[in-house]
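Student: Structure file query.txt (compact mmCIF, C-alpha atoms) is given on the next line.
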```txt
# COMPACT_ATOMS: atom_id res chain seq x y z
CA MET R 23 -18.99 -8.28 -23.10
CA SER R 24 -16.45 -5.59 -22.37
CA PRO R 25 -17.13 -2.48 -24.43
CA ASP R 26 -14.51 -0.37 -22.70
CA PRO R 27 -11.55 -2.52 -21.73
CA THR R 28 -9.62 0.25 -20.07
CA GLY R 29 -12.42 1.10 -17.66
CA VAL R 30 -14.61 -1.96 -17.10
CA ASP R 31 -11.87 -4.54 -16.88
CA VAL R 32 -10.04 -2.61 -14.20
CA VAL R 33 -13.20 -2.36 -12.11
CA ILE R 34 -14.05 -6.04 -12.56
CA ASP R 35 -10.51 -7.08 -11.67
CA ALA R 36 -10.57 -4.91 -8.56
CA VAL R 37 -13.91 -6.36 -7.43
CA THR R 38 -12.58 -9.86 -8.09
CA ALA R 39 -9.48 -9.15 -6.03
CA VAL R 40 -11.57 -7.87 -3.12
CA PHE R 41 -13.86 -10.91 -3.30
CA LEU R 42 -10.95 -13.35 -3.35
CA VAL R 43 -9.12 -11.73 -0.45
CA VAL R 44 -12.26 -11.41 1.68
CA GLY R 45 -13.20 -15.02 0.90
CA ALA R 46 -9.74 -16.17 1.99
CA LEU R 47 -10.13 -14.10 5.16
CA MET R 48 -13.37 -15.98 5.88
CA SER R 49 -11.42 -19.25 5.87
CA LEU R 50 -8.81 -17.66 8.14
CA GLY R 51 -11.60 -16.53 10.48
CA ALA R 52 -12.94 -20.06 10.63
CA ALA R 53 -9.49 -21.40 11.50
CA ILE R 54 -8.93 -18.73 14.18
CA GLY R 55 -12.32 -19.57 15.64
CA LEU R 56 -11.40 -23.24 15.70
CA LEU R 57 -8.22 -22.44 17.59
CA ARG R 58 -9.53 -19.85 20.02
CA PHE R 59 -13.00 -20.95 21.08
CA PRO R 60 -13.23 -23.03 24.25
CA ASP R 61 -16.05 -25.40 23.44
CA LEU R 62 -17.18 -27.80 20.74
CA MET R 63 -20.44 -25.94 20.20
CA SER R 64 -18.77 -22.56 19.68
CA ARG R 65 -16.12 -24.16 17.48
CA MET R 66 -18.90 -25.61 15.35
CA HIS R 67 -20.42 -22.14 15.12
CA ALA R 68 -17.12 -20.76 13.85
CA ALA R 69 -16.41 -23.65 11.52
CA THR R 70 -19.63 -23.79 9.52
CA LYS R 71 -20.81 -20.23 9.13
CA PRO R 72 -17.94 -18.35 7.44
CA GLN R 73 -17.47 -21.09 4.85
CA VAL R 74 -20.75 -20.38 3.09
CA LEU R 75 -20.02 -16.69 2.67
CA GLY R 76 -16.43 -17.45 1.70
CA LEU R 77 -17.52 -19.91 -0.98
CA PHE R 78 -20.10 -17.42 -2.24
CA LEU R 79 -17.42 -14.75 -2.65
CA MET R 80 -15.08 -17.19 -4.41
CA LEU R 81 -17.78 -18.33 -6.83
CA ALA R 82 -18.80 -14.73 -7.53
CA ALA R 83 -15.16 -13.98 -8.35
CA ILE R 84 -15.11 -16.91 -10.80
CA GLY R 85 -18.32 -15.67 -12.42
CA LEU R 86 -16.91 -12.16 -12.76
CA GLN R 87 -13.71 -13.39 -14.33
CA MET R 88 -15.30 -15.77 -16.83
CA ARG R 89 -17.50 -13.00 -18.32
CA THR R 90 -20.09 -15.35 -19.75
CA TRP R 91 -23.66 -15.68 -18.59
CA TRP R 92 -24.03 -19.44 -18.65
CA VAL R 93 -21.60 -20.01 -15.77
CA TRP R 94 -23.79 -18.20 -13.23
CA PRO R 95 -26.46 -20.97 -12.91
CA VAL R 96 -23.73 -23.57 -12.51
CA LEU R 97 -22.05 -21.53 -9.77
CA LEU R 98 -25.44 -20.94 -8.15
CA VAL R 99 -26.09 -24.69 -8.07
CA ALA R 100 -22.70 -25.29 -6.45
CA TRP R 101 -23.37 -22.60 -3.84
CA ILE R 102 -26.91 -23.79 -3.05
CA PHE R 103 -25.58 -27.30 -2.60
CA GLN R 104 -23.07 -26.04 -0.04
CA LEU R 105 -25.86 -23.99 1.57
CA LEU R 106 -27.99 -27.11 1.95
CA THR R 107 -25.33 -29.52 3.20
CA ALA R 108 -23.50 -27.29 5.71
CA PRO R 109 -26.43 -26.90 8.19
CA VAL R 110 -27.26 -30.60 8.03
CA SER R 111 -23.73 -31.74 8.83
CA ALA R 112 -23.42 -29.09 11.56
CA HIS R 113 -26.73 -30.26 13.00
CA MET R 114 -25.57 -33.88 13.07
CA VAL R 115 -22.28 -32.97 14.73
CA GLY R 116 -24.00 -30.76 17.31
CA ARG R 117 -26.62 -33.40 18.02
CA SER R 118 -24.10 -36.12 18.69
CA ALA R 119 -22.00 -33.64 20.68
CA TYR R 120 -24.96 -32.96 22.96
CA ARG R 121 -25.86 -36.62 23.35
CA THR R 122 -22.30 -37.63 24.17
CA LYS R 123 -21.88 -34.82 26.74
CA HIS R 124 -19.20 -32.93 24.86
CA GLY R 125 -20.35 -29.43 25.72
CA HIS R 126 -19.58 -27.49 28.85
CA ARG R 127 -22.85 -27.45 30.75
CA GLU R 128 -21.86 -24.61 33.07
CA MET R 129 -21.48 -22.24 30.10
CA LEU R 130 -25.12 -22.58 29.09
CA THR R 131 -27.68 -20.14 30.45
CA LYS R 132 -30.70 -22.22 29.43
CA ASP R 133 -30.87 -25.83 28.29
CA GLU R 134 -34.17 -26.42 26.55
CA LEU R 135 -33.14 -29.72 25.04
CA GLU R 136 -32.51 -31.51 28.32
CA ALA R 137 -36.19 -32.04 29.20
CA VAL R 138 -36.90 -33.39 25.73
CA VAL R 139 -33.98 -35.80 25.92
CA GLN R 140 -35.04 -36.94 29.42
CA ARG R 141 -38.59 -37.56 28.25
CA ALA R 142 -37.42 -39.45 25.16
CA ALA R 143 -35.06 -41.55 27.24
CA ALA R 144 -37.80 -42.34 29.77
CA GLY R 145 -40.34 -43.32 27.15
CA GLN R 146 -38.17 -45.75 25.26
CA GLU R 147 -35.69 -48.45 25.87
CA PRO R 148 -32.27 -47.07 26.84
CA GLY R 149 -30.04 -46.98 23.82
CA ASN R 150 -32.95 -46.99 21.42
CA ASP R 151 -33.25 -43.22 21.12
CA ARG R 152 -31.53 -41.73 18.18
CA MET I 9 -1.76 -7.24 -9.57
CA LYS I 10 -2.39 -10.90 -10.29
CA GLU I 11 0.73 -12.10 -8.53
CA THR I 12 -0.03 -9.88 -5.54
CA ILE I 13 -3.51 -11.39 -5.17
CA LEU I 14 -2.13 -14.90 -5.52
CA VAL I 15 0.55 -14.32 -2.89
CA VAL I 16 -1.86 -12.66 -0.42
CA THR I 17 -4.51 -15.37 -0.73
CA ALA I 18 -1.88 -18.13 -0.60
CA VAL I 19 -0.50 -16.72 2.66
CA ILE I 20 -3.97 -16.34 4.19
CA LEU I 21 -5.08 -19.82 3.17
CA SER I 22 -1.80 -21.34 4.39
CA LEU I 23 -2.30 -19.75 7.82
CA ALA I 24 -5.90 -21.00 7.88
CA ALA I 25 -4.83 -24.53 6.90
CA ALA I 26 -2.14 -24.47 9.59
CA GLY I 27 -4.74 -23.50 12.19
CA ALA I 28 -7.07 -26.28 11.12
CA ILE I 29 -4.23 -28.83 11.18
CA VAL I 30 -3.23 -27.69 14.68
CA ARG I 31 -6.82 -28.20 15.81
CA ILE I 32 -6.84 -31.66 14.22
CA ALA I 33 -3.63 -32.49 16.10
CA ILE I 34 -4.59 -31.16 19.56
CA GLY I 35 -8.37 -31.53 19.37
CA PRO I 36 -9.51 -33.16 22.60
CA SER I 37 -12.30 -35.20 21.08
CA LEU I 38 -13.21 -36.90 17.84
CA LEU I 39 -15.87 -34.33 16.92
CA ASP I 40 -13.34 -31.49 17.15
CA ARG I 41 -11.19 -33.31 14.64
CA VAL I 42 -14.17 -33.89 12.37
CA LEU I 43 -15.00 -30.17 12.40
CA ALA I 44 -11.39 -29.18 11.78
CA SER I 45 -11.01 -31.61 8.88
CA ASP I 46 -14.22 -30.23 7.39
CA VAL I 47 -12.74 -26.73 7.60
CA LEU I 48 -9.52 -28.02 5.99
CA LEU I 49 -11.57 -29.44 3.11
CA ALA I 50 -13.32 -26.09 2.68
CA ILE I 51 -9.94 -24.33 2.59
CA LEU I 52 -8.84 -26.72 -0.17
CA GLY I 53 -12.02 -25.87 -2.07
CA ALA I 54 -11.26 -22.17 -1.65
CA ALA I 55 -7.80 -22.72 -3.13
CA LEU I 56 -9.35 -24.52 -6.12
CA ALA I 57 -11.79 -21.64 -6.60
CA ILE I 58 -8.98 -19.09 -6.50
CA ASP I 59 -7.11 -21.09 -9.13
CA MET I 60 -10.20 -21.12 -11.34
CA ALA I 61 -10.84 -17.39 -10.93
CA MET I 62 -7.25 -16.36 -11.55
CA ASN I 63 -6.57 -18.58 -14.56
CA ARG I 64 -10.08 -18.27 -16.04
CA HIS I 65 -11.00 -21.90 -16.43
CA LEU I 66 -13.77 -24.09 -15.01
CA ASN I 67 -11.98 -27.43 -14.73
CA ASN I 68 -12.30 -27.71 -10.97
CA LEU I 69 -15.97 -26.85 -10.59
CA MET I 70 -17.24 -30.44 -10.43
CA LEU I 71 -14.35 -31.24 -8.08
CA LEU I 72 -15.60 -28.42 -5.83
CA VAL I 73 -19.10 -29.94 -5.71
CA ALA I 74 -17.63 -33.40 -5.11
CA LEU I 75 -15.58 -32.01 -2.20
CA ALA I 76 -18.78 -30.64 -0.64
CA VAL I 77 -20.41 -34.08 -1.00
CA ILE I 78 -17.42 -35.83 0.56
CA GLY I 79 -17.29 -33.40 3.49
CA PHE I 80 -21.01 -33.76 4.12
CA ILE I 81 -20.99 -37.57 4.02
CA GLY I 82 -17.88 -37.75 6.18
CA SER I 83 -19.24 -35.43 8.89
CA VAL I 84 -22.62 -37.14 9.07
CA THR I 85 -21.08 -40.62 9.13
CA VAL I 86 -18.63 -39.83 11.91
CA ALA I 87 -21.34 -38.04 13.92
CA ARG I 88 -23.56 -41.11 13.71
CA PHE I 89 -20.65 -43.35 14.66
CA VAL I 90 -19.89 -41.27 17.76
CA ALA I 91 -23.55 -41.24 18.76
CA GLU I 92 -23.73 -45.00 18.66
CA ARG I 93 -20.95 -45.70 21.15
CA ARG I 94 -21.52 -42.98 23.70
CA GLU I 95 -21.06 -45.17 26.76
CA GLN I 96 -17.38 -45.82 26.04
CA ASN I 97 -16.59 -42.21 25.06
CA ASN I 98 -17.32 -40.07 28.09
CA GLU I 99 -14.27 -37.87 28.42
CA SER I 100 -14.63 -34.31 27.24
```
Just dump the structure as structure tokens.

Tutor:
Amino acid sequence: MSPDPTGVDVVIDAVTAVFLVVGALMSLGAAIGLLRFPDLMSRMHAATKPQVLGLFLMLAAIGLQMRTWWVWPVLLVAWIFQLLTAPVSAHMVGRSAYRTKHGHREMLTKDELEAVVQRAAAGQEPGNDR
Amino acid sequence: MKETILVVTAVILSLAAAGAIVRIAIGPSLLDRVLASDVLLAILGAALAIDMAMNRHLNNLMLLVALAVIGFIGSVTVARFVAERREQNNES
């Protein structure tokens, strides 16, 4: 797998180091966004998006260091699972944050969801809308 | 080289975990704390991945997937729980 250990291994180790440090910086960016942003919606934006790229870089570093081909589908399955679950959980948190009036309304320029929520609340029993 | 990468990533991830814990402590609402604990779980998964990449083993890979499952189920469950009792929880 490594025909020239003096050349290829150095390059692979350097790429792995860059991936690991940048992936750790993605987690730090998420934490800084959690601390600095003023609103639950913007905090959710900062919390969910850098994690997917950070996990991708970490898993790519693992695949580069293992130097076997069969680990790449396993790592891809792990990453796709994270890619599928992160938007769903962020959607659920954002949905309940809107319904429980957590956001700052004066920071929005356009609220397209309000008419839909009003119509759904008028058409059903109060407390029955999900 | 290896020790330098370990020290740098350990410092970065410690700062990130400290930020997430501060947000858990001072977060004004329950959903802020849910988001911050989700980020803390992702930081733990990043530390496990760094351990796997640096020591060249795959022992923690299923634990990484299980952490993603636990974070997903926890976030969705707490979001549903908050949405159910929205009349009592009306402070921002």

Student: For chain I, which residues have at least one atom within 6 Å of chain R, if we go by all atoms listed in the file? Write them as a ChimeraX atom specification, please.

Tutor: /I:17,24,27-28,57,61,64,73,80,83-84,87,91,94,100

Student: Grab the atom CA of Val86 of chain I to atom CA of Asp40 of chain I distance for me, in Å with one decimal place.

Tutor: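 A separation of 11.2 Å between them.
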
Student: With all atoms listed in the file as the atoms that count, which of I:Arg88, I:Ala18, I:Lys10, I:Arg41 lies nearest to Ala54 of chain I?

Tutor: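 For Ala54 of chain I, the nearest of the given residues is I:Ala18.
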
Student: For a test of reading the model, state the distance in Å between atom CA of Val15 of chain I and atom CA of Leu48 of chain I, rounded to one decimal.

Tutor: 19.2 Å

Student: Could you work out how far atom CA of Leu39 of chain I lies from atom CA of Gly79 of chain I, giving the answer in Å with one decimal?

Tutor: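 Distance between the two atoms: 13.5 Å.
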
Student: As lines of an AutoDock Vina configuration file, please: the centre and edge lengths in Å, to one decimal, of an axis-aligned box enclosing every listed atom of segment 87-92 of chain R with 6 Å added on each side.

Tutor:
```
center_x = -18.9
center_y = -16.2
center_z = -17.0
size_x = 22.3
size_y = 18.4
size_z = 17.4
```
